[in-house]
file my_file.txt (compact mmCIF, C-alpha atoms and all ligand atoms)
# COMPACT_ATOMS: atom_id res chain seq x y z
CA MET A 619 -148.69 77.65 -48.79
CA ILE A 620 -146.16 80.36 -49.48
CA GLN A 621 -144.51 81.50 -46.23
CA ASN A 622 -142.79 84.91 -46.46
CA GLY A 623 -142.34 84.33 -50.16
CA LYS A 624 -140.79 80.89 -49.49
CA ILE A 625 -142.21 77.54 -50.46
CA PRO A 626 -140.97 75.06 -47.85
CA PHE A 627 -140.09 71.49 -48.79
CA VAL A 628 -142.47 70.29 -46.09
CA ASP A 629 -144.89 72.26 -43.93
CA LEU A 630 -145.55 70.79 -40.49
CA ILE A 631 -146.73 74.07 -39.02
CA SER A 632 -150.06 74.67 -40.77
CA LEU A 633 -150.86 70.94 -40.44
CA HIS A 634 -150.89 71.14 -36.64
CA ARG A 635 -152.49 74.57 -36.32
CA ASP A 636 -156.05 73.34 -36.87
CA LEU A 637 -155.53 70.38 -34.55
CA GLU A 638 -153.99 72.36 -31.71
CA PRO A 639 -156.96 72.28 -29.28
CA GLU A 640 -157.33 68.51 -29.67
CA LEU A 641 -153.59 67.91 -29.36
CA LEU A 642 -153.43 70.04 -26.23
CA ASP A 643 -156.33 68.05 -24.75
CA VAL A 644 -154.22 64.91 -25.14
CA CYS A 645 -151.27 66.54 -23.36
CA LYS A 646 -153.53 67.67 -20.52
CA ARG A 647 -155.10 64.21 -20.17
CA VAL A 648 -151.74 62.46 -20.12
CA ILE A 649 -150.29 64.89 -17.58
CA GLU A 650 -153.35 64.79 -15.35
CA THR A 651 -153.39 60.99 -15.25
CA ALA A 652 -149.58 60.62 -15.30
CA GLY A 653 -150.16 57.79 -17.75
CA PHE A 654 -146.83 58.32 -19.48
CA ILE A 655 -145.85 54.73 -20.33
CA GLY A 656 -148.25 52.19 -21.82
CA GLY A 657 -151.90 52.30 -20.81
CA PRO A 658 -155.05 53.38 -22.68
CA GLU A 659 -153.42 55.92 -25.04
CA VAL A 660 -151.01 53.31 -26.41
CA GLU A 661 -153.56 50.50 -26.53
CA GLY A 662 -156.12 52.80 -28.14
CA PHE A 663 -153.77 53.92 -30.89
CA GLU A 664 -152.55 50.38 -31.55
CA LYS A 665 -156.13 49.22 -32.05
CA GLU A 666 -156.98 52.16 -34.32
CA PHE A 667 -153.86 51.81 -36.48
CA ALA A 668 -154.36 48.03 -36.86
CA GLU A 669 -157.93 48.78 -37.98
CA TYR A 670 -156.75 51.46 -40.40
CA CYS A 671 -154.23 49.10 -41.99
CA GLY A 672 -156.41 46.02 -41.81
CA THR A 673 -154.14 43.81 -39.71
CA LYS A 674 -154.89 41.82 -36.59
CA TYR A 675 -152.17 43.51 -34.56
CA CYS A 676 -150.27 46.75 -34.24
CA VAL A 677 -147.51 47.07 -31.67
CA GLY A 678 -146.35 50.61 -30.93
CA VAL A 679 -142.62 51.18 -30.57
CA ASN A 680 -140.11 54.00 -30.23
CA SER A 681 -139.31 54.58 -33.92
CA GLY A 682 -139.45 53.09 -37.39
CA THR A 683 -135.93 51.79 -36.88
CA ASP A 684 -137.02 49.91 -33.74
CA ALA A 685 -140.04 48.61 -35.63
CA LEU A 686 -137.81 47.15 -38.35
CA ARG A 687 -135.31 45.68 -35.89
CA PHE A 688 -137.96 44.12 -33.65
CA ALA A 689 -139.93 42.78 -36.63
CA LEU A 690 -136.81 41.12 -38.05
CA ILE A 691 -135.88 39.53 -34.72
CA ALA A 692 -139.43 38.47 -33.86
CA ALA A 693 -139.96 36.97 -37.31
CA GLY A 694 -136.92 34.76 -36.79
CA VAL A 695 -133.91 36.50 -38.38
CA ARG A 696 -130.83 35.24 -36.58
CA SER A 697 -127.23 36.26 -36.12
CA GLY A 698 -125.22 35.47 -39.24
CA ASP A 699 -128.19 35.45 -41.64
CA VAL A 700 -128.24 37.49 -44.82
CA VAL A 701 -131.21 39.84 -45.29
CA ILE A 702 -131.85 41.40 -48.68
CA THR A 703 -133.07 44.92 -49.34
CA VAL A 704 -132.45 47.76 -51.81
CA PRO A 705 -129.54 50.22 -51.86
CA ASN A 706 -131.71 53.33 -52.31
CA THR A 707 -133.32 53.58 -48.92
CA PHE A 708 -132.74 55.40 -45.66
CA ILE A 709 -129.92 53.78 -43.68
CA ALA A 710 -132.39 52.75 -40.94
CA THR A 711 -133.41 49.79 -43.13
CA THR A 712 -129.92 48.30 -43.10
CA GLU A 713 -129.08 49.46 -39.57
CA ALA A 714 -132.01 47.38 -38.36
CA ILE A 715 -130.79 44.36 -40.34
CA SER A 716 -127.27 44.65 -38.86
CA GLN A 717 -128.62 45.30 -35.37
CA ALA A 718 -130.70 42.13 -35.64
CA GLY A 719 -127.32 40.40 -36.11
CA ALA A 720 -127.72 39.81 -39.84
CA ARG A 721 -125.75 41.05 -42.82
CA PRO A 722 -127.51 43.33 -45.29
CA ASP A 723 -127.19 42.58 -48.98
CA PHE A 724 -128.81 44.37 -51.88
CA VAL A 725 -130.60 43.88 -55.16
CA ASP A 726 -131.12 46.64 -57.70
CA ILE A 727 -134.34 48.57 -58.26
CA ASP A 728 -136.83 49.06 -61.05
CA LYS A 729 -135.89 52.23 -62.90
CA ARG A 730 -139.45 53.50 -63.16
CA THR A 731 -140.79 52.87 -59.65
CA PHE A 732 -137.49 53.06 -57.69
CA ASN A 733 -138.69 49.98 -55.78
CA MET A 734 -137.11 46.53 -55.54
CA ASP A 735 -136.95 44.84 -58.95
CA PRO A 736 -138.37 41.33 -58.42
CA ALA A 737 -136.40 40.06 -61.42
CA GLU A 738 -133.20 41.13 -59.66
CA LEU A 739 -134.31 39.40 -56.47
CA ARG A 740 -134.90 36.19 -58.41
CA ARG A 741 -131.55 36.57 -60.19
CA TYR A 742 -129.85 36.92 -56.79
CA PHE A 743 -131.08 33.47 -55.77
CA GLU A 744 -130.43 31.90 -59.17
CA THR A 745 -126.87 33.15 -59.48
CA ARG A 746 -125.54 33.70 -55.94
CA CYS A 747 -127.27 31.13 -53.76
CA LYS A 748 -127.58 27.39 -53.51
CA PHE A 749 -129.92 25.11 -51.63
CA ASP A 750 -128.34 23.60 -48.53
CA ALA A 751 -130.22 20.34 -48.07
CA GLY A 752 -128.85 19.85 -44.55
CA ALA A 753 -130.07 23.24 -43.36
CA GLY A 754 -133.17 23.10 -45.55
CA ARG A 755 -132.39 26.67 -46.60
CA TYR A 756 -130.89 28.67 -49.39
CA VAL A 757 -127.39 29.87 -48.56
CA HIS A 758 -125.22 32.57 -50.08
CA GLN A 759 -122.59 30.64 -52.04
CA ALA A 760 -119.63 32.89 -51.34
CA THR A 761 -120.11 33.12 -47.56
CA GLY A 762 -122.21 30.06 -46.74
CA ARG A 763 -124.61 32.26 -44.77
CA PRO A 764 -128.32 31.44 -44.86
CA VAL A 765 -130.40 34.01 -46.74
CA THR A 766 -133.53 34.21 -44.63
CA ALA A 767 -135.44 37.43 -45.19
CA VAL A 768 -136.21 40.21 -47.63
CA VAL A 769 -137.13 43.80 -46.77
CA PRO A 770 -138.97 45.48 -49.65
CA VAL A 771 -139.14 49.23 -49.07
CA HIS A 772 -142.33 50.98 -50.19
CA LEU A 773 -140.32 54.01 -51.22
CA TYR A 774 -141.76 57.53 -51.55
CA GLY A 775 -145.19 56.16 -50.55
CA GLN A 776 -145.56 53.62 -53.35
CA MET A 777 -145.71 49.92 -52.65
CA ALA A 778 -143.22 47.49 -54.15
CA ASP A 779 -144.45 44.78 -56.54
CA MET A 780 -145.56 42.50 -53.74
CA ASP A 781 -147.19 39.66 -55.74
CA ALA A 782 -143.87 38.96 -57.42
CA ILE A 783 -141.87 39.39 -54.21
CA VAL A 784 -144.22 37.09 -52.26
CA ALA A 785 -143.91 34.41 -54.97
CA ILE A 786 -140.10 34.54 -54.80
CA ALA A 787 -140.16 34.56 -50.99
CA GLU A 788 -142.33 31.44 -51.00
CA GLN A 789 -140.03 29.67 -53.43
CA TYR A 790 -136.86 30.53 -51.49
CA LYS A 791 -138.35 30.32 -47.96
CA LEU A 792 -137.86 33.96 -47.09
CA THR A 793 -139.49 35.96 -44.33
CA ILE A 794 -140.89 39.26 -45.64
CA ILE A 795 -140.64 42.39 -43.50
CA GLU A 796 -142.17 45.37 -45.31
CA ASP A 797 -140.47 48.69 -44.72
CA ALA A 798 -143.67 50.75 -44.81
CA CYS A 799 -142.06 53.74 -43.07
CA GLN A 800 -143.00 56.01 -46.01
CA ALA A 801 -146.23 54.32 -47.02
CA HIS A 802 -149.01 54.76 -44.42
CA GLY A 803 -152.21 53.98 -46.31
CA ALA A 804 -150.60 53.15 -49.67
CA GLU A 805 -152.38 50.42 -51.62
CA TYR A 806 -151.39 47.71 -54.07
CA PHE A 807 -153.68 45.64 -56.28
CA SER A 808 -152.81 41.99 -55.81
CA LYS A 809 -153.71 40.03 -58.94
CA LYS A 810 -153.19 36.87 -56.96
CA GLN A 811 -155.79 37.84 -54.36
CA ASN A 812 -157.82 39.94 -56.80
CA ARG A 813 -158.12 42.86 -54.35
CA TRP A 814 -156.44 46.01 -53.13
CA LEU A 815 -154.13 45.48 -50.15
CA LYS A 816 -152.78 48.15 -47.85
CA ALA A 817 -149.11 48.60 -47.01
CA GLY A 818 -148.23 46.66 -43.90
CA THR A 819 -150.63 43.77 -44.47
CA ILE A 820 -148.74 41.52 -46.86
CA GLY A 821 -145.44 40.53 -45.26
CA ASP A 822 -144.91 38.49 -42.10
CA ALA A 823 -144.69 41.89 -40.41
CA ALA A 824 -144.26 45.52 -41.43
CA ALA A 825 -142.53 48.54 -39.94
CA PHE A 826 -144.01 52.03 -39.83
CA SER A 827 -142.27 55.22 -38.75
CA PHE A 828 -144.16 58.14 -37.23
CA TYR A 829 -141.20 60.52 -37.51
CA PRO A 830 -142.77 64.00 -37.71
CA GLY A 831 -142.36 64.43 -41.47
CA LYS A 832 -143.94 61.09 -42.43
CA ASN A 833 -147.52 60.94 -43.80
CA LEU A 834 -148.63 60.10 -40.27
CA GLY A 835 -146.15 61.73 -37.91
CA ALA A 836 -145.95 62.05 -34.15
CA CYS A 837 -144.75 65.19 -32.37
CA GLY A 838 -141.43 63.45 -31.78
CA ASP A 839 -140.15 59.94 -32.47
CA ALA A 840 -142.52 56.98 -32.72
CA GLY A 841 -143.11 53.83 -34.77
CA ALA A 842 -145.14 50.64 -34.98
CA VAL A 843 -145.12 47.09 -36.29
CA THR A 844 -148.21 45.65 -37.95
CA THR A 845 -148.70 41.90 -38.33
CA ASN A 846 -151.35 39.19 -38.51
CA ASP A 847 -149.08 36.77 -36.67
CA THR A 848 -150.00 36.34 -32.98
CA GLU A 849 -146.57 34.98 -32.09
CA VAL A 850 -144.69 37.83 -33.81
CA ALA A 851 -146.91 40.45 -32.14
CA SER A 852 -146.41 39.04 -28.66
CA GLN A 853 -142.66 38.65 -29.22
CA ILE A 854 -142.41 42.33 -30.19
CA ARG A 855 -144.38 43.37 -27.09
CA ILE A 856 -141.69 41.58 -25.07
CA LEU A 857 -138.75 42.88 -27.10
CA ARG A 858 -139.85 46.52 -26.80
CA ASP A 859 -140.03 46.24 -23.01
CA HIS A 860 -136.72 44.74 -21.82
CA GLY A 861 -137.70 41.18 -22.65
CA GLN A 862 -140.45 41.10 -20.07
CA ALA A 863 -144.15 40.25 -20.32
CA ARG A 864 -144.46 40.53 -16.55
CA LYS A 865 -142.55 43.22 -14.65
CA TYR A 866 -139.01 42.11 -13.66
CA HIS A 867 -139.51 38.64 -15.17
CA HIS A 868 -137.17 38.79 -18.15
CA ASP A 869 -137.56 35.95 -20.65
CA LEU A 870 -134.75 37.43 -22.71
CA GLU A 871 -132.69 40.57 -23.14
CA GLY A 872 -134.83 43.11 -24.92
CA PHE A 873 -134.73 46.82 -25.58
CA ASN A 874 -136.15 50.06 -24.27
CA GLY A 875 -138.30 50.56 -27.34
CA ARG A 876 -141.79 51.44 -26.19
CA LEU A 877 -144.15 53.95 -27.76
CA ASP A 878 -144.72 56.96 -25.47
CA ALA A 879 -148.30 57.34 -24.26
CA LEU A 880 -148.18 61.05 -25.14
CA GLN A 881 -147.13 60.34 -28.72
CA ALA A 882 -149.75 57.58 -29.01
CA GLY A 883 -152.49 60.00 -27.93
CA LEU A 884 -151.29 62.65 -30.39
CA LEU A 885 -151.12 60.02 -33.15
CA SER A 886 -154.75 58.99 -32.46
CA VAL A 887 -155.83 62.57 -33.11
CA LYS A 888 -153.82 62.77 -36.32
CA LEU A 889 -154.78 59.30 -37.61
CA LYS A 890 -158.37 60.52 -38.10
CA HIS A 891 -157.02 62.88 -40.79
CA LEU A 892 -154.62 60.52 -42.53
CA ALA A 893 -157.01 59.39 -45.29
CA ASP A 894 -157.84 63.03 -46.08
CA TRP A 895 -154.18 64.09 -46.01
CA ASN A 896 -153.22 61.22 -48.32
CA ALA A 897 -156.01 62.19 -50.72
CA LYS A 898 -154.67 65.76 -50.73
CA ARG A 899 -151.18 64.48 -51.50
CA ARG A 900 -152.57 62.46 -54.41
CA ASP A 901 -154.41 65.56 -55.67
CA ALA A 902 -151.20 67.56 -55.45
CA ALA A 903 -149.38 64.84 -57.41
CA LEU A 904 -152.03 65.00 -60.15
CA ARG A 905 -151.68 68.79 -60.29
CA TYR A 906 -147.89 68.51 -60.65
CA GLN A 907 -148.43 66.02 -63.46
CA ALA A 908 -150.85 68.30 -65.31
CA LEU A 909 -148.57 71.32 -64.88
CA PHE A 910 -145.44 69.49 -66.03
CA GLN A 911 -147.26 68.07 -69.03
CA GLU A 912 -147.86 71.63 -70.22
CA SER A 913 -144.15 72.37 -70.01
CA ALA A 914 -141.88 71.07 -72.74
CA VAL A 915 -138.75 70.53 -70.67
CA GLU A 916 -137.23 67.14 -69.91
CA VAL A 917 -138.46 66.24 -66.45
CA VAL A 918 -139.23 62.59 -65.71
CA LEU A 919 -142.27 62.39 -63.44
CA PRO A 920 -143.07 59.71 -60.85
CA TYR A 921 -144.48 56.53 -62.39
CA GLU A 922 -147.52 54.99 -60.76
CA PRO A 923 -148.44 51.57 -62.18
CA SER A 924 -152.17 50.77 -62.44
CA SER A 925 -151.65 48.26 -59.61
CA SER A 926 -150.64 51.06 -57.24
CA LYS A 927 -152.30 53.83 -55.26
CA ALA A 928 -149.31 55.76 -53.96
CA VAL A 929 -149.61 58.17 -51.03
CA TYR A 930 -146.79 60.44 -52.21
CA HIS A 931 -144.73 60.73 -49.08
CA LEU A 932 -142.34 62.35 -51.54
CA TYR A 933 -142.81 63.67 -55.06
CA VAL A 934 -139.61 62.74 -56.86
CA VAL A 935 -138.74 63.87 -60.38
CA GLN A 936 -135.64 63.09 -62.42
CA VAL A 937 -133.62 65.63 -64.35
CA GLU A 938 -130.20 66.07 -65.90
CA ASN A 939 -128.08 68.60 -63.98
CA ARG A 940 -130.02 67.95 -60.79
CA ASP A 941 -127.58 69.79 -58.50
CA HIS A 942 -127.83 72.91 -60.64
CA LEU A 943 -131.64 72.77 -60.56
CA GLN A 944 -131.67 72.29 -56.81
CA ALA A 945 -129.31 75.22 -56.21
CA GLU A 946 -131.34 77.48 -58.53
CA LEU A 947 -134.63 76.49 -56.87
CA ALA A 948 -133.09 77.38 -53.51
CA GLN A 949 -132.26 80.81 -55.00
CA HIS A 950 -135.96 81.08 -55.82
CA ASN A 951 -136.83 80.20 -52.20
CA ILE A 952 -138.18 76.78 -53.15
CA GLY A 953 -137.19 73.99 -50.78
CA THR A 954 -136.27 70.57 -52.20
CA GLY A 955 -134.59 67.37 -51.00
CA ILE A 956 -132.67 64.37 -52.37
CA HIS A 957 -133.83 60.95 -51.21
CA TYR A 958 -131.16 59.70 -51.23
CA PRO A 959 -127.95 61.20 -52.63
CA ILE A 960 -125.66 58.22 -51.92
CA PRO A 961 -126.89 54.61 -52.30
CA LEU A 962 -126.18 52.61 -49.15
CA HIS A 963 -123.61 50.29 -50.73
CA LEU A 964 -121.46 53.34 -51.52
CA GLN A 965 -121.71 54.80 -48.01
CA LYS A 966 -118.58 54.77 -45.85
CA ALA A 967 -120.55 52.82 -43.22
CA TYR A 968 -120.80 49.89 -45.66
CA ALA A 969 -117.34 49.99 -47.19
CA SER A 970 -116.67 46.65 -45.49
CA LEU A 971 -119.32 44.98 -47.67
CA GLY A 972 -116.97 45.55 -50.60
CA LEU A 973 -119.71 46.55 -53.03
CA GLY A 974 -118.17 49.19 -55.27
CA ARG A 975 -119.54 51.58 -57.83
CA GLY A 976 -121.26 49.72 -60.65
CA SER A 977 -122.75 47.07 -58.33
CA PHE A 978 -126.30 48.48 -58.66
CA PRO A 979 -126.34 50.67 -61.77
CA VAL A 980 -130.04 51.58 -61.67
CA ALA A 981 -129.92 52.82 -58.07
CA GLU A 982 -126.62 54.60 -58.73
CA SER A 983 -127.86 56.47 -61.79
CA ALA A 984 -131.15 57.39 -60.06
CA ALA A 985 -129.21 58.90 -57.14
CA GLU A 986 -127.66 61.42 -59.53
CA ARG A 987 -130.92 62.49 -61.16
CA ILE A 988 -133.60 62.47 -58.45
CA LEU A 989 -135.00 65.59 -56.83
CA SER A 990 -137.84 65.69 -54.30
CA LEU A 991 -140.13 68.67 -54.86
CA PRO A 992 -142.30 70.23 -52.12
CA MET A 993 -145.08 67.79 -51.16
CA PHE A 994 -147.47 68.04 -48.22
CA PRO A 995 -151.25 67.99 -47.77
CA ASN A 996 -151.66 71.79 -47.65
CA LEU A 997 -149.55 72.45 -50.74
CA LEU A 998 -151.58 74.96 -52.76
CA SER A 999 -151.97 74.89 -56.51
CA ALA A 1000 -150.63 78.46 -56.72
CA ALA A 1001 -147.41 77.29 -55.07
CA GLN A 1002 -147.19 74.33 -57.45
CA GLU A 1003 -147.65 76.61 -60.47
CA HIS A 1004 -144.83 78.76 -59.14
CA ILE A 1005 -142.61 75.70 -58.63
CA VAL A 1006 -143.25 74.24 -62.08
CA GLU A 1007 -142.70 77.64 -63.74
CA ALA A 1008 -139.38 77.92 -61.91
CA VAL A 1009 -138.30 74.39 -62.89
CA ASP A 1010 -139.34 75.05 -66.48
CA ARG A 1011 -137.36 78.29 -66.64
CA ILE A 1012 -134.22 76.85 -65.00
CA VAL A 1013 -134.14 73.67 -67.10
CA ARG A 1014 -134.80 75.68 -70.27
CA MET A 1015 -131.88 78.00 -69.58
CA GLY A 1016 -129.53 75.08 -69.04
CA VAL A 1017 -126.32 75.07 -67.08
CA PRO A 1018 -124.00 78.05 -67.72
CA ALA A 1019 -121.00 76.88 -69.74
CA ALA A 1020 -118.50 77.88 -67.04
CA THR A 1021 -120.00 75.47 -64.50
CA ALA A 1022 -121.23 72.74 -66.86
C1 LIG B 1101 -138.11 57.13 -41.79
C2 LIG B 1101 -137.66 55.82 -42.31
C3 LIG B 1101 -137.17 54.80 -41.46
C4 LIG B 1101 -136.84 55.02 -40.02
O1 LIG B 1101 -137.81 55.55 -39.23
P1 LIG B 1101 -137.41 56.33 -37.88
O2 LIG B 1101 -138.75 56.50 -37.22
O3 LIG B 1101 -136.77 57.61 -38.24
O4 LIG B 1101 -136.53 55.44 -37.08
C5 LIG B 1101 -136.88 53.58 -42.03
N1 LIG B 1101 -137.02 53.34 -43.34
C6 LIG B 1101 -137.46 54.30 -44.19
C7 LIG B 1101 -137.61 53.97 -45.64
C8 LIG B 1101 -137.77 55.57 -43.70
O5 LIG B 1101 -138.18 56.52 -44.56

call {"tool": "encode", "arguments": {"input": "my_file.txt", "output": "structure tokens", "more": "lines below"}}
Ligand SMILES: *Cc1c(COP(=O)(O)O)cnc(C)c1O
result
Amino acid sequence: MIQNGKIPFVDLISLHRDLEPELLDVCKRVIETAGFIGGPEVEGFEKEFAEYCGTKYCVGVNSGTDALRFALIAAGVRSGDVVITVPNTFIATTEAISQAGARPDFVDIDKRTFNMDPAELRRYFETRCKFDAGAGRYVHQATGRPVTAVVPVHLYGQMADMDAIVAIAEQYKLTIIEDACQAHGAEYFSKKQNRWLKAGTIGDAAAFSFYPGKNLGACGDAGAVTTNDTEVASQIRILRDHGQARKYHHDLEGFNGRLDALQAGLLSVKLKHLADWNAKRRDAALRYQALFQESAVEVVLPYEPSSSKAVYHLYVVQVENRDHLQAELAQHNIGTGIHYPIPLHLQKAYASLGLGRGSFPVAESAAERILSLPMFPNLLSAAQEHIVEAVDRIVRMGVPAATA
């Protein structure tokens, strides 16, 4: 897809063009029935998405951020707890932890997959925590706070090393909430269970975002929690709707965090194409790999372990002089992104955590080298050839001495 000589970073326009009649039917149906909140559209999508993932339950909510926050609260994270995640994620992951009343803390990532390094998670417990026999929990030594949950992020559409994370979580009594906001349909081969498992089926609960640019996106904001836990699912149904199971009977203070019926209906239409779109993303990733292998320049490509079937929400390469490459690609009308330029522990919002530069060297060095190239289901091979040629040429020329 080359639009007016430009290759966009993501193309949401051609994706919806073919689906327009079906999407408009949904709008008409919702308007004609005035079924705007809850009802058959929401229940239908929840059932379909649970089936797609392979979980007992799916609860539709307002956004991926809501999904994370509700999952954490429903799974038992309490005010004052510590919840561990990675520094190289979207801030929604840690916002949700803080909004659940907990304090986010981080462990570093694996330098090849960019996902949580299980060895670092283990080291966190071995060096920073102690068992509090009275509480029956592991507590953070310096603050005395109980460390109760871990949020592995399946970043860029590739699942974290869940066998290892589950084993550590069992040993240290941690709840696992998967941040699957970038990983709809991603799979991981569990050696322990000797089978492929989909994102969103392994933890106590998982959060999905249907932000428009995600692999499955709504036409606005939307999200969902998947879980096999009946209690967690029913708790989230209450949390998303002002703490009520029955109208005006509030068991607790909840949130206004429901999934719109309109978005649910639109998502049902799009869900039927998700497997095909993910396959197209994987094809595009293979084409990038083949094209870059022909070029001699130093570009580190995404690493997909044999235990992973990634769905390439993003295609992230690593280069020296990343900012120069990005600026030059923009000159060539090629859109790119950086996910993410500043690790969370170095963000102003988290200055109070007191985690300075050097705290998570792998995440920090990745942030300086990563560049997300165009990636979407309708990305054509001609566009990819053009992109790789441009990268090859720019990297080969190097940075002009004056700006180096
Ligand atoms: C998109 C995203 C979220 C948040 O989802 P929203 O629907 O935008 O609230 C959370 N975590 C990650 C890793 C994401 O990519």

call {"tool": "atom_distance", "arguments": {"input": "my_file.txt", "atom1": "CA of Lys748 in chain A", "atom2": "CA of Asp781 in chain A"}}
result
23.2 Å

call {"tool": "residues_around", "arguments": {"input": "my_file.txt", "residues": "range 998-1011 of chain A", "least_positions_apart": "3", "cutoff": "8 Å", "atoms": "all atoms listed in the file", "output": "ChimeraX atom specification"}}
result
/A:619-620,625,902,905-906,909-910,913-915,943,947,950,952,1014-1015

call {"tool": "residues_near_ligand", "arguments": {"input": "my_file.txt", "ligand": "ligand LIG 1101 (chain B)", "cutoff": "7 Å", "atoms": "only C-alpha atoms and all ligand atoms", "output": "short mmCIF file (atom, residue, chain, number, x, y, z; two decimals) with C-alpha atoms, in the frame of the given file"}}
result
data_model
loop_
_atom_site.label_atom_id
_atom_site.label_comp_id
_atom_site.auth_asym_id
_atom_site.auth_seq_id
_atom_site.Cartn_x
_atom_site.Cartn_y
_atom_site.Cartn_z
CA SER A 681 -139.31 54.58 -33.92
CA GLY A 682 -139.45 53.09 -37.39
CA THR A 683 -135.93 51.79 -36.88
CA ASP A 684 -137.02 49.91 -33.74
CA THR A 707 -133.32 53.58 -48.92
CA PHE A 708 -132.74 55.40 -45.66
CA ALA A 710 -132.39 52.75 -40.94
CA THR A 711 -133.41 49.79 -43.13
CA VAL A 771 -139.14 49.23 -49.07
CA LEU A 773 -140.32 54.01 -51.22
CA ASP A 797 -140.47 48.69 -44.72
CA ALA A 798 -143.67 50.75 -44.81
CA CYS A 799 -142.06 53.74 -43.07
CA GLN A 800 -143.00 56.01 -46.01
CA SER A 827 -142.27 55.22 -38.75
CA PHE A 828 -144.16 58.14 -37.23
CA TYR A 829 -141.20 60.52 -37.51
CA ASP A 839 -140.15 59.94 -32.47
CA ALA A 840 -142.52 56.98 -32.72
CA GLY A 841 -143.11 53.83 -34.77
#

call {"tool": "residues_around", "arguments": {"input": "my_file.txt", "residues": "Tyr958 in chain A", "least_positions_apart": "6", "cutoff": "12 Å", "atoms": "all atoms listed in the file", "output": "MDAnalysis selection string"}}
result
chainID A and resid 705:709 732 773:774 932 934 964:965 981:990

call {"tool": "atom_distance", "arguments": {"input": "my_file.txt", "atom1": "CA of Tyr806 in chain A", "atom2": "CA of Arg721 in chain A"}}
result
28.8 Å

call {"tool": "atom_distance", "arguments": {"input": "my_file.txt", "atom1": "CA of Asn833 in chain A", "atom2": "CA of Ala668 in chain A"}}
result
16.2 Å

call {"tool": "closest_residue", "arguments": {"input": "my_file.txt", "among": "A:Pro995, A:Gly838, A:Gly803, A:Gly831", "to": "Gln881 in chain A", "atoms": "all atoms listed in the file"}}
result
A:Gly838

call {"tool": "closest_residue", "arguments": {"input": "my_file.txt", "among": "A:Ala945, A:Tyr933, A:Gln853, A:Arg647", "to": "Val628 in chain A", "atoms": "only C-alpha atoms"}}
result
A:Tyr933

call {"tool": "residues_near_point", "arguments": {"input": "my_file.txt", "point": "(-152.0, 63.6, -26.3)", "cutoff": "12 Å", "atoms": "only C-alpha atoms", "output": "ChimeraX atom specification"}}
result
/A:637-654,658-660,662-663,836-838,878-888

call {"tool": "closest_residue", "arguments": {"input": "my_file.txt", "among": "A:Gly1016, A:Gly974, A:His867, A:Ile960", "to": "Asn939 in chain A", "atoms": "only C-alpha atoms"}}
result
A:Gly1016

call {"tool": "closest_residue", "arguments": {"input": "my_file.txt", "among": "A:Ala948, A:Val679, A:Ala760, A:Ala689", "to": "Asn874 in chain A", "atoms": "all atoms listed in the file"}}
result
A:Val679

call {"tool": "closest_residue", "arguments": {"input": "my_file.txt", "among": "A:Tyr930, A:Tyr670, A:Phe826, A:Phe688", "to": "His860 in chain A", "atoms": "only C-alpha atoms"}}
result
A:Phe688

call {"tool": "residues_around", "arguments": {"input": "my_file.txt", "residues": "Val769 in chain A", "least_positions_apart": "3", "cutoff": "9 Å", "atoms": "all atoms listed in the file", "output": "PyMOL selection string"}}
result
chain A and resi 701-704+711+793-797

call {"tool": "closest_residue", "arguments": {"input": "my_file.txt", "among": "A:Val677, A:Leu686, A:Lys810, A:Ala692", "to": "Glu713 in chain A", "atoms": "all atoms listed in the file"}}
result
A:Leu686

call {"tool": "residues_around", "arguments": {"input": "my_file.txt", "residues": "Thr848 in chain A", "least_positions_apart": "6", "cutoff": "12 Å", "atoms": "only C-alpha atoms", "output": "PDB file with C-alpha atoms, in the frame of the given file"}}
result
ATOM      1  CA  THR A 673    -154.140  43.810 -39.710  1.00  0.00           C
ATOM      2  CA  LYS A 674    -154.890  41.820 -36.590  1.00  0.00           C
ATOM      3  CA  TYR A 675    -152.170  43.510 -34.560  1.00  0.00           C
ATOM      4  CA  CYS A 676    -150.270  46.750 -34.240  1.00  0.00           C
ATOM      5  CA  VAL A 677    -147.510  47.070 -31.670  1.00  0.00           C
ATOM      6  CA  ALA A 692    -139.430  38.470 -33.860  1.00  0.00           C
ATOM      7  CA  ALA A 693    -139.960  36.970 -37.310  1.00  0.00           C
ATOM      8  CA  ASP A 822    -144.910  38.490 -42.100  1.00  0.00           C
ATOM      9  CA  ALA A 823    -144.690  41.890 -40.410  1.00  0.00           C
ATOM     10  CA  ILE A 854    -142.410  42.330 -30.190  1.00  0.00           C
ATOM     11  CA  ARG A 855    -144.380  43.370 -27.090  1.00  0.00           C
TER      12      ARG A 855
END

call {"tool": "residues_near_point", "arguments": {"input": "my_file.txt", "point": "(-139.0, 48.4, -26.6)", "cutoff": "7 Å", "atoms": "all atoms listed in the file", "output": "MDAnalysis selection string"}}
result
chainID A and resid 679:680 857:860 872:876

call {"tool": "residues_around", "arguments": {"input": "my_file.txt", "residues": "Glu788 in chain A", "least_positions_apart": "2", "cutoff": "12 Å", "atoms": "only C-alpha atoms", "output": "ChimeraX atom specification"}}
result
/A:740,755-756,766-768,780-786,790-794,821-822
